[in-house]
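Read the structure below first, then the notes.
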Amino acid sequence: METQKYTLVDNVDALMDKIREVRRAQAKFAQFTQEQVDKIFKAAAVAANQARIPLAKMAVEETGMGVVEDKVIKNNYAAEHIYNAYKNTKTCGVIEEDKEFGTMKIAEPIGVIAAVIPTTNPTSTAIFKTLISLKTRNGIIISPHPRAKKCTIEAAKIVLEAAVKAGAPEGIIGWIDVPSLDMTNTVMREADIILATGGPGMVKAAYSSGKPALGVGAGNTPAVIDKSADILLAVNSIIHSKTFDNGMICASEQSVIVDKDIYDDVKAEFTKRGCYFLTPEETDKVRKTIIINGAVNAKIVGQPAAKIAQLSGVEVDPATKILIGEVTNDTIEEEFAHEKLSPVLAMYKSESFEDAMNKADRLIQDGGFGHTSSLYVDTVKCRDKINAFAEKMKTCRVVINTPSSHGGIGDLYNFNLTPSLTLGCGTWGGNSVSENVGVKHLMNIKTVAERRENMLWFRTPQKVYFKKGCLPVALAELKNVMDKKRVFLVTDSFLYKNGYTKCITDRLDEMDITYTVFSDVEPDPTLLSAQKGAEAMRKFEPDCIIALGGGSAMDAGKIMWVLYEHPDADFMSMAMRFIDIRKRVYTFPKMGEKAFFIAVPTSSGTGSEVTPFAVITDQESGIKYPLADYELLPNMAIIDTDLMMSAPKGLTSASGIDALTHALEAYASVMATDYTDGLALKAMKIIFEYLPRAYNDGNDVEAREKMANASTMAGMAFANAFLGVCHSMAHKLGAYHHIAHGIANALLITDVMRYNISDKPPKMGTFSQYQYPHALERYAECARFCGVQGKDDMEVFENFIQKIEELKEAIGIKKTIKDYGVDEQVFLDRLDDMTEQAFDDQCTGANPRYPLMSEIKQMYLNAYYGKQ
């Protein structure tokens, strides 16, 4: 972001000049139309989203607090979810009109916003505040925290430059380069309104500035676990929340209040998942460390549990997730009863539900008035308890069966709770708003948000033809049913030169359908190749596209299809990472308006014929991008075994193990459903039985047909359940070292499975239906369905791993990456880049264990050297 020079704001005079500059820009911005504003808002969101990793790295490096991978999620959330929450919101001119009652509401911008940014969330909060300012046609001046100024300013620059490029007035966003108390007070006095996020002192100063302020109160969230609660759900949700960015979100749980009847079971579950219960002596040591002179010790904020233990003179396992002190005093005199901004929890035993509510109420009044409270309870049988708890708690967010860090900020576990990184606490917390900061805040509003699961889906092509010899019958529909006139056939040079396209072109000739063939698809298709194909399509103007070949031809055909129908579609926007496919910043264009798309596989493995995925390589950077959107789903798939009979052994092996990996990852995915499970299980069973036969005898018709079915079924499974980190790593391994995709998956899958089975992983996948780590049980189900036995799940799992390794050996797959001739030094030189790109791959988010980059790196090393 060094493309533009900025005036240094390091004294009050320079700040006053900057304020005048922002005011001039805002006066112009106030005249913009909704269309202009929305274009700017989207461009800024996209730019911030694309910078999520470097900004996360900068924040951790500069502040020494938190977890890079979690800050990536925060930055992604601040761009993606905020954009989606407000992309259709009218903020210019007439925004609401009721002609029957004669009312009309008109939106006007406030003017210049002073934004105070905290050190705990220095980049995500800057993204959030600049985006909502742009959406409402306001100017904004940022006052960063002195210990986080570089990363905060970098975030502001990224948003500003994208906004200006999209048409915003220059200077609409400003910042203080050398922050100080005097400078912050000056900008708060001169602004029209203040968005204050930070410590109590700073928020109080904002409210004392004489200008309207939207601030937040302190958080001290109590989590009550009722005896009716699902203990697995409750404990793992709290761990997921409390370890997120090492506990720095203000809505994170600070105390757990557990009914006496389940206290021991809850304690055992916390211990099982990697939390540490302090002894009375250790509790005293930690007390002296976490709170000093009535305030949280800055040295523990955002630090891992083991480091806090070390500071306290307590020895724990370095992998410890949370330090838990069992205490009885629920007043301010107890250090554990404070907000701690770190993975440290207080745990109380309650005698009854009434006692639990009283304890929670005292904890809130002693430090978290108005912020967030949490309850775990049976929502079907205990509605009266939910009502009583909601009535009792003086908090503006009452979250039910929800990780409070993620639940409090909204739109992750309840989709009617506004996404925000500034959480108002109402008059209870000394704030002017009682909800998540958004567009209008005129009254205190209490929101009860119960955890909800996403509504799921199962999507396939309109028709899937299968059985040996089905191709001519399926193609007859082009003339008899659809009256198609012009077909564009996409394939690779090998299939074209060796006559494999004749089965299609001869049939088209018989039906008097005009066609042309594009055969320049590479083994790893590039964007350039797809662009050439799309150009040829535009000249030919087909009403039907047929992609014939392996995954490369089908993937390239899908991208050509998009570029043919929508020439202005932006590849990098299509490739943009998303958390939820329905909330992505970029909306895929509607497909099928010009051409009907048919996928015809010639190998059994990729499943691309029935999936919304396409993997394409950027020829300039060499990066492989897995694109995913249901608009990419073919209209028809034709699986004809006749086209697969001559596949060589190497292709049979690689594609077969790829299909097995599809099924395994779909079954373990956080998005797996009963619908996808059945397909995945059946596909696995078929592959184990028939892949060796197809490999050893390519003329075995039954084996070929069974493998074709297994590949397509596995494709349907992962089309709807998505994949996992094995595919993320395989995409990058293939891109960097030119290892066939199926082989790359084979080299990684068993190590990834071992990685996934931990029942106390540092991070678990974030998806509302995924309640607690259970990959071991899922893999054991797969194993038993495939005939593997054992005395318990772990033994079954180990036997299953052995079965997979035996299958790999039987079909000629080598043991390690090194065995495929990858130079060790070259591998190590590229390892960090490969690791980061694998972490940021679209497949990573559905993995049951959410990986840290260091863990991905270690799995790559395991796969290279053969260590497990």
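If you're wondering about the labels, chains in the structure tokens are A, B, ... by order shown, residues count from 1 in each chain, ligands from 1 in order shown.
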
With a cut-off of 9 Å, could you pull out the residues of segment 700-758 of chain A touching segment 787-801 of chain A and give me the nearest pair of atoms for each, distance in Å to one decimal, using only C-alpha atoms, ordered by chain and ascending number, as JSON lines?
```
{"residue": "A:Thr750", "atom": "CA", "partner": "A:Ile801", "partner_atom": "CA", "distance": 6.3}
{"residue": "A:Met753", "atom": "CA", "partner": "A:Ile801", "partner_atom": "CA", "distance": 8.4}
{"residue": "A:Arg754", "atom": "CA", "partner": "A:Ile801", "partner_atom": "CA", "distance": 8.7}
```

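Look at segment 146-153 of chain A: the protein and nucleic acid residues within 7 Å of it, using only C-alpha atoms and passing over chain neighbours fewer than 5 places away, are Leu55, Met58, Ala59, Glu62, Thr63, Thr119, Pro122, Thr123, Ala126, Trp175 and Pro179 of chain A.
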
For the interface of segment 741-836 of chain A with segment 309-325 of chain A (cut-off 10 Å, counting only C-alpha atoms), please tabulate each contacting residue of segment 741-836 of chain A alongside its nearest pair of atoms and their separation in Å to one decimal, rows sorted by chain and increasing number, as CSV.
```
residue,atom,partner,partner_atom,distance
A:Lys760,CA,A:Lys321,CA,8.9
A:Pro761,CA,A:Lys321,CA,9.2
A:Pro762,CA,A:Lys321,CA,7.0
A:Lys763,CA,A:Lys321,CA,9.6
```

TODO: Using atom CA of Phe597 of chain A and atom CA of Pro525 of chain A as the two end points, give the distance in Å to one decimal.
DONE: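 Distance reported for this atom pair: 18.2 Å.
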
TODO: Check segment 16-252 of chain A with DSSP on the backbone and list each residue it calls strand (DSSP E or B), as a ChimeraX atom specification.
DONE: /A:93-98,103-107,112-116,139-143,173-175,193-196,213-215,221-225

Expected file: the selected residues, N, CA and C atoms, as a compact mmCIF listing (two decimals), in the first residue's frame:
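Written out: out18.txt:
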```
# COMPACT_ATOMS: atom_id res chain seq x y z
N GLY A 93 -31.16 9.14 0.70
CA GLY A 93 -32.47 9.64 0.29
C GLY A 93 -33.61 8.94 1.01
N VAL A 94 -34.68 8.65 0.27
CA VAL A 94 -35.86 8.02 0.85
C VAL A 94 -35.56 6.54 1.08
N ILE A 95 -35.61 6.14 2.33
CA ILE A 95 -35.29 4.75 2.65
C ILE A 95 -36.53 3.96 3.04
N GLU A 96 -37.64 4.63 3.33
CA GLU A 96 -38.86 3.93 3.70
C GLU A 96 -40.05 4.86 3.45
N GLU A 97 -41.09 4.28 2.88
CA GLU A 97 -42.27 5.10 2.59
C GLU A 97 -43.53 4.27 2.75
N ASP A 98 -44.49 4.80 3.46
CA ASP A 98 -45.78 4.15 3.65
C ASP A 98 -46.85 5.11 3.15
N THR A 103 -46.30 8.33 5.51
CA THR A 103 -45.01 8.54 6.17
C THR A 103 -43.86 8.26 5.20
N MET A 104 -42.79 8.95 5.45
CA MET A 104 -41.60 8.76 4.63
C MET A 104 -40.37 9.01 5.49
N LYS A 105 -39.38 8.20 5.35
CA LYS A 105 -38.14 8.38 6.10
C LYS A 105 -37.01 8.66 5.12
N ILE A 106 -36.24 9.66 5.48
CA ILE A 106 -35.14 10.09 4.61
C ILE A 106 -33.83 10.00 5.38
N ALA A 107 -32.83 9.40 4.76
CA ALA A 107 -31.53 9.22 5.41
C ALA A 107 -30.60 10.38 5.05
N VAL A 112 -18.71 13.92 10.20
CA VAL A 112 -17.40 13.33 10.44
C VAL A 112 -17.44 12.49 11.72
N ILE A 113 -16.98 11.26 11.59
CA ILE A 113 -16.97 10.32 12.72
C ILE A 113 -15.56 10.21 13.27
N ALA A 114 -15.44 10.29 14.59
CA ALA A 114 -14.17 9.99 15.27
C ALA A 114 -14.23 8.53 15.71
N ALA A 115 -13.27 7.75 15.27
CA ALA A 115 -13.27 6.32 15.58
C ALA A 115 -12.08 5.95 16.42
N VAL A 116 -12.33 5.56 17.65
CA VAL A 116 -11.27 5.10 18.55
C VAL A 116 -11.16 3.58 18.40
N GLY A 139 -17.70 10.82 6.67
CA GLY A 139 -16.25 10.81 6.73
C GLY A 139 -15.83 10.24 8.07
N ILE A 140 -14.60 9.77 8.16
CA ILE A 140 -14.15 9.16 9.41
C ILE A 140 -12.68 9.45 9.64
N ILE A 141 -12.34 9.75 10.89
CA ILE A 141 -10.94 9.92 11.29
C ILE A 141 -10.65 8.90 12.40
N ILE A 142 -9.62 8.13 12.20
CA ILE A 142 -9.30 7.03 13.10
C ILE A 142 -8.20 7.43 14.09
N SER A 143 -8.46 7.14 15.35
CA SER A 143 -7.44 7.29 16.38
C SER A 143 -7.02 5.90 16.82
N ILE A 173 -11.39 9.22 4.37
CA ILE A 173 -10.92 8.52 5.56
C ILE A 173 -9.58 9.11 5.96
N GLY A 174 -9.43 9.46 7.24
CA GLY A 174 -8.16 9.97 7.75
C GLY A 174 -7.78 9.25 9.02
N TRP A 175 -6.58 9.52 9.50
CA TRP A 175 -6.10 8.87 10.73
C TRP A 175 -5.01 9.69 11.39
N ILE A 193 -19.74 12.83 15.70
CA ILE A 193 -20.14 11.69 16.52
C ILE A 193 -18.92 10.81 16.75
N ILE A 194 -18.92 10.06 17.83
CA ILE A 194 -17.76 9.25 18.18
C ILE A 194 -18.16 7.78 18.23
N LEU A 195 -17.36 6.95 17.56
CA LEU A 195 -17.47 5.49 17.68
C LEU A 195 -16.31 5.04 18.55
N ALA A 196 -16.59 4.77 19.81
CA ALA A 196 -15.52 4.48 20.77
C ALA A 196 -15.51 3.01 21.15
N ALA A 213 -21.88 10.07 21.33
CA ALA A 213 -20.91 8.97 21.27
C ALA A 213 -21.64 7.63 21.28
N LEU A 214 -21.14 6.70 20.48
CA LEU A 214 -21.59 5.31 20.50
C LEU A 214 -20.43 4.50 21.07
N GLY A 215 -20.56 4.14 22.33
CA GLY A 215 -19.47 3.42 22.99
C GLY A 215 -19.93 2.08 23.51
N THR A 221 -18.90 -11.65 30.86
CA THR A 221 -19.98 -12.59 30.55
C THR A 221 -19.97 -13.82 31.45
N PRO A 222 -21.09 -14.07 32.16
CA PRO A 222 -21.24 -15.34 32.87
C PRO A 222 -21.96 -16.35 31.97
N ALA A 223 -21.53 -17.60 32.03
CA ALA A 223 -22.20 -18.67 31.28
C ALA A 223 -22.79 -19.66 32.27
N VAL A 224 -24.09 -19.75 32.30
CA VAL A 224 -24.78 -20.69 33.19
C VAL A 224 -25.02 -21.99 32.44
N ILE A 225 -24.57 -23.11 33.02
CA ILE A 225 -24.85 -24.42 32.45
C ILE A 225 -25.88 -25.10 33.34
```

Open item on the list: Just want the 6 Å neighbourhood of segment 725-742 of chain A, counted on only C-alpha atoms, with same-chain residues fewer than 2 positions away dropped. Output as a list in words.
Closed with: Lys624, Ala654, Ser655, Ile657, Asp658, Ala744, Asn745, Ile749, Met834, Ala838, Asp841, Cys843, Thr844 and Asn847 of chain A

Open item on the list: I'd like the neighbourhood of segment 565-570 of chain A as a PyMOL selection string, where a residue qualifies if any of its atoms comes within 8 Å (using only C-alpha atoms), though same-chain residues fewer than 2 positions away should be ignored.
Closed with: chain A and resi 561-563+572-574+589+591-595

Just-selected residues, N, CA and C atoms written as an mmCIF file, in the first residue's frame:
```cif
data_model
loop_
_atom_site.group_PDB
_atom_site.id
_atom_site.type_symbol
_atom_site.label_atom_id
_atom_site.label_comp_id
_atom_site.auth_asym_id
_atom_site.auth_seq_id
_atom_site.Cartn_x
_atom_site.Cartn_y
_atom_site.Cartn_z
ATOM 1 N N TRP A 561 -17.518 -21.248 -19.469
ATOM 2 C CA TRP A 561 -18.973 -21.031 -19.449
ATOM 3 C C TRP A 561 -19.300 -19.690 -18.780
ATOM 4 N N VAL A 562 -18.670 -19.455 -17.605
ATOM 5 C CA VAL A 562 -18.912 -18.198 -16.889
ATOM 6 C C VAL A 562 -18.456 -17.009 -17.723
ATOM 7 N N LEU A 563 -17.232 -17.101 -18.270
ATOM 8 C CA LEU A 563 -16.687 -15.972 -19.022
ATOM 9 C C LEU A 563 -17.420 -15.751 -20.343
ATOM 10 N N MET A 572 -10.679 -12.966 -9.810
ATOM 11 C CA MET A 572 -10.218 -12.893 -8.430
ATOM 12 C C MET A 572 -11.389 -12.740 -7.460
ATOM 13 N N SER A 573 -12.442 -12.096 -7.897
ATOM 14 C CA SER A 573 -13.629 -11.998 -7.046
ATOM 15 C C SER A 573 -14.326 -13.351 -6.954
ATOM 16 N N MET A 574 -14.380 -14.084 -8.078
ATOM 17 C CA MET A 574 -14.963 -15.424 -8.051
ATOM 18 C C MET A 574 -14.178 -16.346 -7.145
ATOM 19 N N PRO A 589 -22.566 -14.609 -11.042
ATOM 20 C CA PRO A 589 -23.649 -14.278 -11.982
ATOM 21 C C PRO A 589 -24.520 -15.495 -12.284
ATOM 22 N N MET A 591 -26.174 -18.344 -14.223
ATOM 23 C CA MET A 591 -25.670 -19.123 -15.352
ATOM 24 C C MET A 591 -26.808 -19.831 -16.088
ATOM 25 N N GLY A 592 -26.508 -20.224 -17.333
ATOM 26 C CA GLY A 592 -27.447 -21.003 -18.126
ATOM 27 C C GLY A 592 -28.358 -20.193 -19.010
ATOM 28 N N GLU A 593 -28.172 -18.886 -19.045
ATOM 29 C CA GLU A 593 -29.056 -18.056 -19.870
ATOM 30 C C GLU A 593 -28.672 -18.101 -21.348
ATOM 31 N N LYS A 594 -27.401 -18.424 -21.624
ATOM 32 C CA LYS A 594 -26.957 -18.546 -23.015
ATOM 33 C C LYS A 594 -26.746 -19.998 -23.424
ATOM 34 N N ALA A 595 -26.237 -20.795 -22.506
ATOM 35 C CA ALA A 595 -25.850 -22.167 -22.879
ATOM 36 C C ALA A 595 -26.156 -23.157 -21.776
#
```

TODO: Just the residues within 10 Å of segment 4-9 of chain A, please, counting only C-alpha atoms, with nothing from its chain fewer than 3 positions along; format it as a PyMOL selection string.
DONE: chain A and resi 1+12-18+157+161+171+174-179+183

Using only N, CA, C and O atoms, please write the residues we just selected to a file, as a tab-separated table (two decimals), in the first residue's frame.
```tsv
chain	number	residue	atom	x	y	z
A	1	MET	N	0.83	-1.21	0.00
A	1	MET	CA	0.00	0.00	0.00
A	1	MET	C	0.86	1.27	0.00
A	1	MET	O	0.56	2.23	0.67
A	12	VAL	N	-1.33	18.58	16.70
A	12	VAL	CA	-2.70	19.07	16.68
A	12	VAL	C	-2.99	19.91	15.44
A	12	VAL	O	-4.08	19.82	14.85
A	13	ASP	N	-2.04	20.73	15.00
A	13	ASP	CA	-2.27	21.56	13.81
A	13	ASP	C	-2.50	20.68	12.59
A	13	ASP	O	-3.41	20.94	11.77
A	14	ALA	N	-1.66	19.64	12.44
A	14	ALA	CA	-1.83	18.72	11.31
A	14	ALA	C	-3.17	18.00	11.40
A	14	ALA	O	-3.82	17.74	10.38
A	15	LEU	N	-3.59	17.69	12.63
A	15	LEU	CA	-4.87	17.01	12.82
A	15	LEU	C	-6.03	17.92	12.41
A	15	LEU	O	-6.98	17.46	11.75
A	16	MET	N	-5.97	19.20	12.77
A	16	MET	CA	-7.04	20.12	12.38
A	16	MET	C	-7.11	20.25	10.86
A	16	MET	O	-8.21	20.31	10.29
A	17	ASP	N	-5.95	20.26	10.21
A	17	ASP	CA	-5.95	20.28	8.74
A	17	ASP	C	-6.61	19.02	8.18
A	17	ASP	O	-7.37	19.08	7.20
A	18	LYS	N	-6.30	17.90	8.80
A	18	LYS	CA	-6.88	16.63	8.34
A	18	LYS	C	-8.40	16.62	8.54
A	18	LYS	O	-9.15	16.16	7.67
A	157	LYS	N	-5.78	2.45	5.27
A	157	LYS	CA	-5.26	2.78	3.94
A	157	LYS	C	-5.87	1.86	2.88
A	157	LYS	O	-6.23	2.30	1.78
A	161	GLU	N	-8.02	3.46	-0.14
A	161	GLU	CA	-7.57	3.40	-1.53
A	161	GLU	C	-8.57	2.66	-2.41
A	161	GLU	O	-8.81	3.04	-3.56
A	171	GLY	N	-9.62	11.60	0.56
A	171	GLY	CA	-9.59	12.17	1.90
A	171	GLY	C	-10.81	11.85	2.73
A	171	GLY	O	-10.98	12.41	3.81
A	174	GLY	N	-9.43	9.46	7.24
A	174	GLY	CA	-8.16	9.97	7.75
A	174	GLY	C	-7.78	9.25	9.02
A	174	GLY	O	-8.56	8.47	9.58
A	175	TRP	N	-6.58	9.52	9.50
A	175	TRP	CA	-6.10	8.87	10.73
A	175	TRP	C	-5.01	9.69	11.39
A	175	TRP	O	-4.39	10.57	10.77
A	176	ILE	N	-4.79	9.40	12.65
A	176	ILE	CA	-3.71	10.02	13.42
A	176	ILE	C	-2.50	9.11	13.34
A	176	ILE	O	-2.58	7.94	13.71
A	177	ASP	N	-1.38	9.62	12.86
A	177	ASP	CA	-0.18	8.79	12.71
A	177	ASP	C	0.55	8.59	14.02
A	177	ASP	O	1.15	7.54	14.25
A	178	VAL	N	0.54	9.62	14.89
A	178	VAL	CA	1.23	9.53	16.17
A	178	VAL	C	0.19	9.77	17.26
A	178	VAL	O	-0.01	10.90	17.72
A	179	PRO	N	-0.52	8.74	17.67
A	179	PRO	CA	-1.63	8.92	18.61
A	179	PRO	C	-1.16	9.31	20.01
A	179	PRO	O	-0.10	8.87	20.47
A	183	MET	N	-4.28	14.22	21.21
A	183	MET	CA	-4.77	14.12	19.82
A	183	MET	C	-6.13	13.44	19.78
A	183	MET	O	-7.03	13.86	19.03
```

Open item on the list: Can you tell me which residues surround Thr395 of chain A at a distance of at most 7 Å, considering only C-alpha atoms, apart from same-chain residues fewer than 5 positions away, and format the answer as an MDAnalysis selection string?
Closed with: chainID A and resid 369:373 425

Open item on the list: If I take atom CA of Arg362 of chain A and atom CA of Val203 of chain A, how far is one from the other in Å, to one decimal?
Closed with: 22.9 Å

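Between Asn138 of chain A and the residues A:Thr91, A:Ser180, A:Ser854, A:Thr422, the shortest atom-to-atom distance, using only C-alpha atoms, involves A:Thr91.
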
Give me the residues of segment 53-140 of chain A that have any atom at most 12 Å from an atom of segment 36-48 of chain A; for each, the nearest atom pair and the distance in Å, rounded to one decimal. Use only C-alpha atoms, sort by chain and number, and format it as CSV.
```
residue,atom,partner,partner_atom,distance
A:Ile53,CA,A:Ala48,CA,9.9
A:Pro54,CA,A:Ala48,CA,10.4
A:Leu55,CA,A:Ala48,CA,8.9
A:Ala56,CA,A:Ala48,CA,11.2
A:Val72,CA,A:Ala48,CA,10.9
A:Lys74,CA,A:Ala48,CA,11.2
A:Asn75,CA,A:Ala48,CA,7.5
A:Asn76,CA,A:Ala48,CA,7.8
A:Tyr77,CA,A:Ala48,CA,10.2
A:Ala78,CA,A:Ala45,CA,8.4
A:Ala79,CA,A:Ala45,CA,4.9
A:Glu80,CA,A:Ala45,CA,6.8
A:His81,CA,A:Ala45,CA,9.6
A:Ile82,CA,A:Ala45,CA,8.4
A:Tyr83,CA,A:Ala45,CA,6.4
A:Asn84,CA,A:Lys42,CA,9.5
A:Ala85,CA,A:Ala45,CA,11.9
A:Tyr86,CA,A:Phe41,CA,9.4
A:Lys87,CA,A:Asp38,CA,7.0
A:Asn88,CA,A:Asp38,CA,8.5
A:Thr89,CA,A:Asp38,CA,9.3
A:Lys90,CA,A:Asp38,CA,9.3
A:Thr91,CA,A:Val37,CA,8.7
A:Cys92,CA,A:Val37,CA,8.3
A:Gly93,CA,A:Val37,CA,11.7
A:Pro109,CA,A:Val37,CA,12.0
A:Thr123,CA,A:Ala48,CA,9.5
A:Ser124,CA,A:Ala48,CA,9.1
A:Thr125,CA,A:Ala48,CA,11.5
A:Ala126,CA,A:Ala48,CA,9.9
A:Ile127,CA,A:Ala48,CA,6.7
A:Phe128,CA,A:Ala45,CA,9.2
A:Lys129,CA,A:Ala45,CA,11.4
A:Thr130,CA,A:Ala44,CA,8.8
A:Leu131,CA,A:Phe41,CA,6.4
A:Ile132,CA,A:Phe41,CA,8.3
A:Ser133,CA,A:Phe41,CA,9.2
A:Leu134,CA,A:Phe41,CA,6.1
A:Lys135,CA,A:Phe41,CA,5.7
A:Thr136,CA,A:Val37,CA,8.1
A:Arg137,CA,A:Val37,CA,7.2
A:Asn138,CA,A:Val37,CA,10.6
```

Extract, using only C-alpha atoms, all DNA, RNA and protein residues at most 7 Å from Val301 of chain A, discarding same-chain residues fewer than 6 positions from it, and format them as a CSV table (one decimal) with all heavy atoms, in the first residue's frame.
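This went into part_8.csv:
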```
chain,number,residue,atom,x,y,z
A,65,MET,N,-0.2,-9.8,20.8
A,65,MET,CA,-1.4,-10.4,21.5
A,65,MET,C,-2.2,-11.2,20.4
A,65,MET,O,-2.3,-10.8,19.2
A,65,MET,CB,-2.3,-9.4,22.1
A,65,MET,CG,-1.7,-8.6,23.2
A,65,MET,SD,-2.8,-7.5,24.1
A,65,MET,CE,-3.3,-6.4,22.7
A,341,LEU,N,-9.9,-11.0,29.6
A,341,LEU,CA,-9.4,-10.8,28.3
A,341,LEU,C,-8.3,-11.8,27.9
A,341,LEU,O,-7.3,-11.5,27.3
A,341,LEU,CB,-8.8,-9.4,28.1
A,341,LEU,CG,-9.9,-8.2,28.2
A,341,LEU,CD1,-9.2,-6.9,28.1
A,341,LEU,CD2,-10.9,-8.4,27.1
A,342,SER,N,-8.5,-13.0,28.4
A,342,SER,CA,-7.4,-14.1,28.2
A,342,SER,C,-8.1,-15.4,28.5
A,342,SER,O,-9.2,-15.5,29.0
A,342,SER,CB,-6.3,-13.9,29.2
A,342,SER,OG,-6.8,-13.9,30.5
```

Open item on the list: For a test of reading the model, state the distance in Å between atom CA of Phe578 of chain A and atom CA of His774 of chain A, rounded to one decimal.
Closed with: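 Result for atom CA of Phe578 of chain A versus atom CA of His774 of chain A: 24.3 Å, one decimal.
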